[in-house]
file data-v5.cif (mmCIF, C-alpha atoms and all ligand atoms)
data_work
loop_
_atom_site.group_PDB
_atom_site.id
_atom_site.type_symbol
_atom_site.label_atom_id
_atom_site.label_comp_id
_atom_site.auth_asym_id
_atom_site.auth_seq_id
_atom_site.Cartn_x
_atom_site.Cartn_y
_atom_site.Cartn_z
ATOM 1 C CA MET A 1 -117.530 -46.855 -10.568
ATOM 2 C CA ASP A 2 -115.391 -48.589 -7.925
ATOM 3 C CA ASP A 3 -113.306 -51.720 -8.588
ATOM 4 C CA ASN A 4 -115.900 -54.084 -7.090
ATOM 5 C CA SER A 5 -118.696 -52.685 -9.234
ATOM 6 C CA LYS A 6 -116.509 -52.974 -12.317
ATOM 7 C CA LEU A 7 -115.711 -56.578 -11.503
ATOM 8 C CA ARG A 8 -119.386 -57.348 -10.915
ATOM 9 C CA GLU A 9 -120.256 -55.796 -14.275
ATOM 10 C CA LEU A 10 -117.490 -57.740 -16.016
ATOM 11 C CA ARG A 11 -118.657 -60.995 -14.434
ATOM 12 C CA ALA A 12 -122.187 -60.320 -15.695
ATOM 13 C CA VAL A 13 -120.771 -59.843 -19.219
ATOM 14 C CA LEU A 14 -118.784 -63.075 -18.923
ATOM 15 C CA ASP A 15 -121.879 -64.930 -17.713
ATOM 16 C CA THR A 16 -123.845 -63.641 -20.694
ATOM 17 C CA TYR A 17 -121.277 -64.635 -23.314
ATOM 18 C CA ARG A 18 -119.744 -67.783 -21.815
ATOM 19 C CA GLY A 19 -120.148 -70.629 -24.277
ATOM 20 C CA ILE A 20 -121.178 -68.414 -27.191
ATOM 21 C CA PRO A 21 -118.704 -69.037 -30.015
ATOM 22 C CA GLY A 22 -117.075 -65.983 -31.570
ATOM 23 C CA SER A 23 -117.934 -63.656 -28.696
ATOM 24 C CA LEU A 24 -114.382 -62.805 -27.598
ATOM 25 C CA ILE A 25 -114.207 -59.428 -29.379
ATOM 26 C CA THR A 26 -117.592 -58.397 -27.994
ATOM 27 C CA VAL A 27 -116.498 -59.372 -24.492
ATOM 28 C CA LEU A 28 -113.250 -57.397 -24.881
ATOM 29 C CA GLN A 29 -115.199 -54.361 -26.143
ATOM 30 C CA LYS A 30 -117.527 -54.533 -23.163
ATOM 31 C CA ALA A 31 -114.604 -55.020 -20.764
ATOM 32 C CA GLN A 32 -112.928 -51.935 -22.234
ATOM 33 C CA GLY A 33 -116.224 -50.069 -21.866
ATOM 34 C CA ILE A 34 -116.212 -50.916 -18.156
ATOM 35 C CA TYR A 35 -112.534 -50.230 -17.386
ATOM 36 C CA GLY A 36 -111.687 -47.665 -20.067
ATOM 37 C CA TYR A 37 -108.873 -49.964 -21.194
ATOM 38 C CA LEU A 38 -107.916 -53.635 -20.914
ATOM 39 C CA PRO A 39 -105.839 -54.279 -17.787
ATOM 40 C CA GLN A 40 -103.678 -57.425 -17.769
ATOM 41 C CA ASP A 41 -105.688 -59.076 -14.995
ATOM 42 C CA VAL A 42 -108.922 -58.483 -16.923
ATOM 43 C CA LEU A 43 -107.443 -60.212 -19.977
ATOM 44 C CA GLY A 44 -106.436 -63.089 -17.699
ATOM 45 C CA LEU A 45 -109.926 -63.320 -16.218
ATOM 46 C CA VAL A 46 -111.563 -63.244 -19.668
ATOM 47 C CA ALA A 47 -109.259 -66.065 -20.802
ATOM 48 C CA ALA A 48 -109.958 -68.182 -17.721
ATOM 49 C CA GLU A 49 -113.716 -67.614 -17.698
ATOM 50 C CA LEU A 50 -114.214 -68.163 -21.430
ATOM 51 C CA ASP A 51 -111.776 -71.057 -21.401
ATOM 52 C CA ILE A 52 -109.622 -69.553 -24.138
ATOM 53 C CA PRO A 53 -105.799 -69.727 -23.959
ATOM 54 C CA PRO A 54 -104.442 -66.411 -22.561
ATOM 55 C CA ALA A 55 -102.064 -66.075 -25.522
ATOM 56 C CA ARG A 56 -105.008 -66.134 -27.917
ATOM 57 C CA VAL A 57 -106.943 -63.522 -25.921
ATOM 58 C CA PHE A 58 -103.866 -61.303 -25.840
ATOM 59 C CA GLY A 59 -103.238 -61.941 -29.559
ATOM 60 C CA VAL A 60 -106.781 -60.905 -30.501
ATOM 61 C CA ALA A 61 -106.687 -57.846 -28.228
ATOM 62 C CA THR A 62 -103.388 -56.597 -29.654
ATOM 63 C CA PHE A 63 -104.482 -57.232 -33.253
ATOM 64 C CA TYR A 64 -107.266 -54.632 -33.136
ATOM 65 C CA THR A 65 -106.317 -50.982 -32.764
ATOM 66 C CA GLN A 66 -109.586 -50.252 -30.936
ATOM 67 C CA PHE A 67 -108.208 -51.895 -27.797
ATOM 68 C CA ARG A 68 -106.078 -50.001 -25.267
ATOM 69 C CA PHE A 69 -103.778 -51.426 -22.622
ATOM 70 C CA ARG A 70 -103.122 -48.345 -20.554
ATOM 71 C CA PRO A 71 -105.592 -46.139 -18.699
ATOM 72 C CA VAL A 72 -106.753 -43.121 -20.673
ATOM 73 C CA GLY A 73 -107.616 -39.638 -19.477
ATOM 74 C CA LYS A 74 -111.088 -38.505 -18.425
ATOM 75 C CA TYR A 75 -111.455 -37.080 -21.943
ATOM 76 C CA PHE A 76 -110.372 -39.446 -24.688
ATOM 77 C CA ILE A 77 -109.712 -37.546 -27.893
ATOM 78 C CA GLU A 78 -109.728 -39.502 -31.134
ATOM 79 C CA LEU A 79 -108.393 -37.316 -33.902
ATOM 80 C CA CYS A 80 -109.143 -38.484 -37.436
ATOM 81 C CA LYS A 81 -106.161 -38.772 -39.741
ATOM 82 C CA GLY A 82 -108.141 -40.284 -42.623
ATOM 83 C CA THR A 83 -107.751 -38.911 -46.145
ATOM 84 C CA ALA A 84 -110.526 -36.280 -46.083
ATOM 85 C CA CYS A 85 -109.454 -34.990 -42.682
ATOM 86 C CA HIS A 86 -105.806 -35.052 -43.703
ATOM 87 C CA VAL A 87 -106.554 -32.956 -46.791
ATOM 88 C CA ASN A 88 -108.611 -30.533 -44.695
ATOM 89 C CA GLY A 89 -105.985 -29.837 -42.061
ATOM 90 C CA ALA A 90 -105.868 -32.703 -39.532
ATOM 91 C CA ASP A 91 -102.140 -32.063 -39.047
ATOM 92 C CA THR A 92 -102.846 -28.472 -37.999
ATOM 93 C CA ILE A 93 -105.490 -29.729 -35.574
ATOM 94 C CA ALA A 94 -103.043 -32.296 -34.175
ATOM 95 C CA ARG A 95 -100.443 -29.531 -33.682
ATOM 96 C CA THR A 96 -103.031 -27.365 -31.923
ATOM 97 C CA ILE A 97 -103.930 -30.187 -29.529
ATOM 98 C CA THR A 98 -100.265 -30.894 -28.860
ATOM 99 C CA GLU A 99 -99.491 -27.211 -28.246
ATOM 100 C CA THR A 100 -102.557 -26.733 -26.026
ATOM 101 C CA LEU A 101 -102.281 -29.905 -23.951
ATOM 102 C CA GLY A 102 -98.603 -30.815 -24.285
ATOM 103 C CA ILE A 103 -99.353 -34.350 -25.437
ATOM 104 C CA ALA A 104 -98.685 -36.208 -28.686
ATOM 105 C CA ASP A 105 -100.475 -39.184 -30.216
ATOM 106 C CA GLY A 106 -100.807 -41.989 -27.678
ATOM 107 C CA GLU A 107 -100.083 -39.786 -24.655
ATOM 108 C CA THR A 108 -102.083 -38.649 -21.619
ATOM 109 C CA THR A 109 -101.717 -35.324 -19.808
ATOM 110 C CA ALA A 110 -99.973 -35.454 -16.429
ATOM 111 C CA ASP A 111 -103.224 -34.478 -14.667
ATOM 112 C CA GLY A 112 -104.970 -37.476 -16.265
ATOM 113 C CA LEU A 113 -107.570 -35.289 -17.956
ATOM 114 C CA PHE A 114 -106.862 -35.782 -21.652
ATOM 115 C CA SER A 115 -105.561 -38.577 -23.871
ATOM 116 C CA LEU A 116 -104.949 -38.233 -27.584
ATOM 117 C CA LYS A 117 -105.163 -40.967 -30.162
ATOM 118 C CA CYS A 118 -104.903 -40.460 -33.908
ATOM 119 C CA VAL A 119 -107.239 -42.802 -35.732
ATOM 120 C CA ALA A 120 -108.369 -43.716 -39.239
ATOM 121 C CA CYS A 121 -111.601 -42.422 -40.806
ATOM 122 C CA LEU A 122 -114.331 -41.864 -38.220
ATOM 123 C CA GLY A 123 -117.018 -42.153 -40.880
ATOM 124 C CA CYS A 124 -118.151 -38.528 -41.044
ATOM 125 C CA CYS A 125 -115.812 -37.170 -43.735
ATOM 126 C CA SER A 126 -118.224 -34.396 -44.767
ATOM 127 C CA LEU A 127 -117.462 -32.770 -41.390
ATOM 128 C CA SER A 128 -113.693 -32.977 -41.816
ATOM 129 C CA PRO A 129 -111.479 -32.275 -40.033
ATOM 130 C CA VAL A 130 -113.091 -34.263 -37.250
ATOM 131 C CA MET A 131 -112.337 -35.455 -33.745
ATOM 132 C CA MET A 132 -114.321 -37.320 -31.152
ATOM 133 C CA VAL A 133 -114.142 -36.668 -27.436
ATOM 134 C CA ASN A 134 -115.525 -39.577 -25.411
ATOM 135 C CA GLY A 135 -117.490 -40.660 -28.468
ATOM 136 C CA GLU A 136 -119.005 -37.244 -29.198
ATOM 137 C CA THR A 137 -118.229 -35.889 -32.680
ATOM 138 C CA TYR A 138 -116.783 -32.423 -33.280
ATOM 139 C CA GLY A 139 -116.462 -31.411 -36.937
ATOM 140 C CA SER A 140 -115.289 -28.597 -39.200
ATOM 141 C CA LEU A 141 -112.507 -28.030 -36.708
ATOM 142 C CA THR A 142 -110.263 -25.005 -36.686
ATOM 143 C CA PRO A 143 -107.451 -24.350 -34.216
ATOM 144 C CA ALA A 144 -109.640 -21.787 -32.401
ATOM 145 C CA LYS A 145 -112.564 -24.202 -32.206
ATOM 146 C CA VAL A 146 -110.307 -26.952 -30.834
ATOM 147 C CA ARG A 147 -108.867 -24.636 -28.172
ATOM 148 C CA ASP A 148 -112.438 -23.703 -27.179
ATOM 149 C CA ILE A 149 -113.569 -27.331 -26.927
ATOM 150 C CA LEU A 150 -110.542 -28.272 -24.827
ATOM 151 C CA SER A 151 -110.956 -25.363 -22.447
ATOM 152 C CA GLN A 152 -114.675 -26.145 -22.133
ATOM 153 C CA LYS A 153 -113.803 -29.737 -21.187
ATOM 154 C CA ARG A 154 -111.223 -28.551 -18.672
ATOM 155 C CA LYS A 155 -113.786 -26.210 -17.114
ATOM 156 C CA GLU A 156 -116.383 -29.006 -17.059
ATOM 157 C CA ALA A 157 -113.879 -31.233 -15.190
ATOM 158 C CA GLN A 158 -113.136 -28.453 -12.677
ATOM 159 C CA ASP A 159 -116.856 -27.809 -12.119
ATOM 160 C CA ASN A 160 -117.446 -31.513 -11.472
ATOM 161 C CA ALA A 161 -114.427 -31.886 -9.176
HETATM 162 S S1 LIG B 201 -111.459 -39.030 -43.145
HETATM 163 FE FE1 LIG B 201 -111.924 -38.138 -41.231
HETATM 164 S S2 LIG B 201 -113.962 -38.713 -40.892
HETATM 165 FE FE2 LIG B 201 -113.448 -39.694 -42.752
#
call {"tool": "encode", "arguments": {"input": "data-v5.cif", "output": "structure tokens"}}
result
Amino acid sequence: MDDNSKLRELRAVLDTYRGIPGSLITVLQKAQGIYGYLPQDVLGLVAAELDIPPARVFGVATFYTQFRFRPVGKYFIELCKGTACHVNGADTIARTITETLGIADGETTADGLFSLKCVACLGCCSLSPVMMVNGETYGSLTPAKVRDILSQKRKEAQDNA
């Protein structure tokens, strides 16, 4: 989606929620859905359009860990570090991702393909250890399985290039 389409989509969201009390978090979630993260100018526009002080918008956005302020890679990996996943080897999975992609928690690969974020329980503990890639769940992970998934994603990106 180009910048103009994104802005049009954001304006439609703002039009829908303008004047509805308590809608700031929903608007921020939708804005992040459009942009992949929350750029500064988007936060400014949300504040202006919803008539909320910019400091409050920024305060709410930074309070919740679900919001991101930097662009993420084409594949956004959320690795669960909750208790069940921790007990079942999440650290080994994290090491495998780091060794395979050369990125640690919070980082993006130089080619912009992958970002890694360690998160709390993803709500599917029976599948632990678990990660999500762009919202799709991968469970019962092993280092070999993770390497396979990552190389599949890389191939998918090359095929679509
Ligand atoms: S602890 Fe990982 S999904 Fe619940």
call {"tool": "atom_distance", "arguments": {"input": "data-v5.cif", "atom1": "CA of Pro143 (chain A)", "atom2": "CA of Ile93 (chain A)"}}
result
5.9 Å
call {"tool": "closest_residue", "arguments": {"input": "data-v5.cif", "among": "A:Val133, A:Ala120, A:Met1, A:Val146", "to": "Arg95 (chain A)", "atoms": "all atoms listed in the file"}}
result
A:Val146
call {"tool": "residues_near_point", "arguments": {"input": "data-v5.cif", "point": "(-102.9, -34.7, -22.1)", "cutoff": "10 Å", "atoms": "all atoms listed in the file", "output": "list of chain:residue names"}}
result
A:Val72, A:Gly73, A:Lys74, A:Tyr75, A:Phe76, A:Ile77, A:Ile97, A:Thr98, A:Thr100, A:Leu101, A:Gly102, A:Ile103, A:Ala104, A:Asp105, A:Gly106, A:Glu107, A:Thr108, A:Thr109, A:Ala110, A:Asp111, A:Gly112, A:Leu113, A:Phe114, A:Ser115, A:Leu116
call {"tool": "residues_around", "arguments": {"input": "data-v5.cif", "residues": "Ala48 (chain A)", "least_positions_apart": "5", "cutoff": "12 Å", "atoms": "only C-alpha atoms", "output": "MDAnalysis selection string"}}
result
chainID A and resid 11 14 18 41:43 53:57
call {"tool": "resolve_selection", "arguments": {"input": "data-v5.cif", "expression": "the PyMOL selection byres (((not hetatm)) within 10 of (chain B and resi 201))", "output": "PyMOL selection string"}}
result
chain A and resi 79-88+90+119-132+137+139
call {"tool": "closest_residue", "arguments": {"input": "data-v5.cif", "among": "A:Ala161, A:Val46, A:Ala94, A:Cys118", "to": "Leu141 (chain A)", "atoms": "only C-alpha atoms"}}
result
A:Ala94
call {"tool": "closest_residue", "arguments": {"input": "data-v5.cif", "among": "A:Asn4, A:Leu10, A:Leu50, A:Gly36", "to": "Gly22 (chain A)", "atoms": "all atoms listed in the file"}}
result
A:Leu50
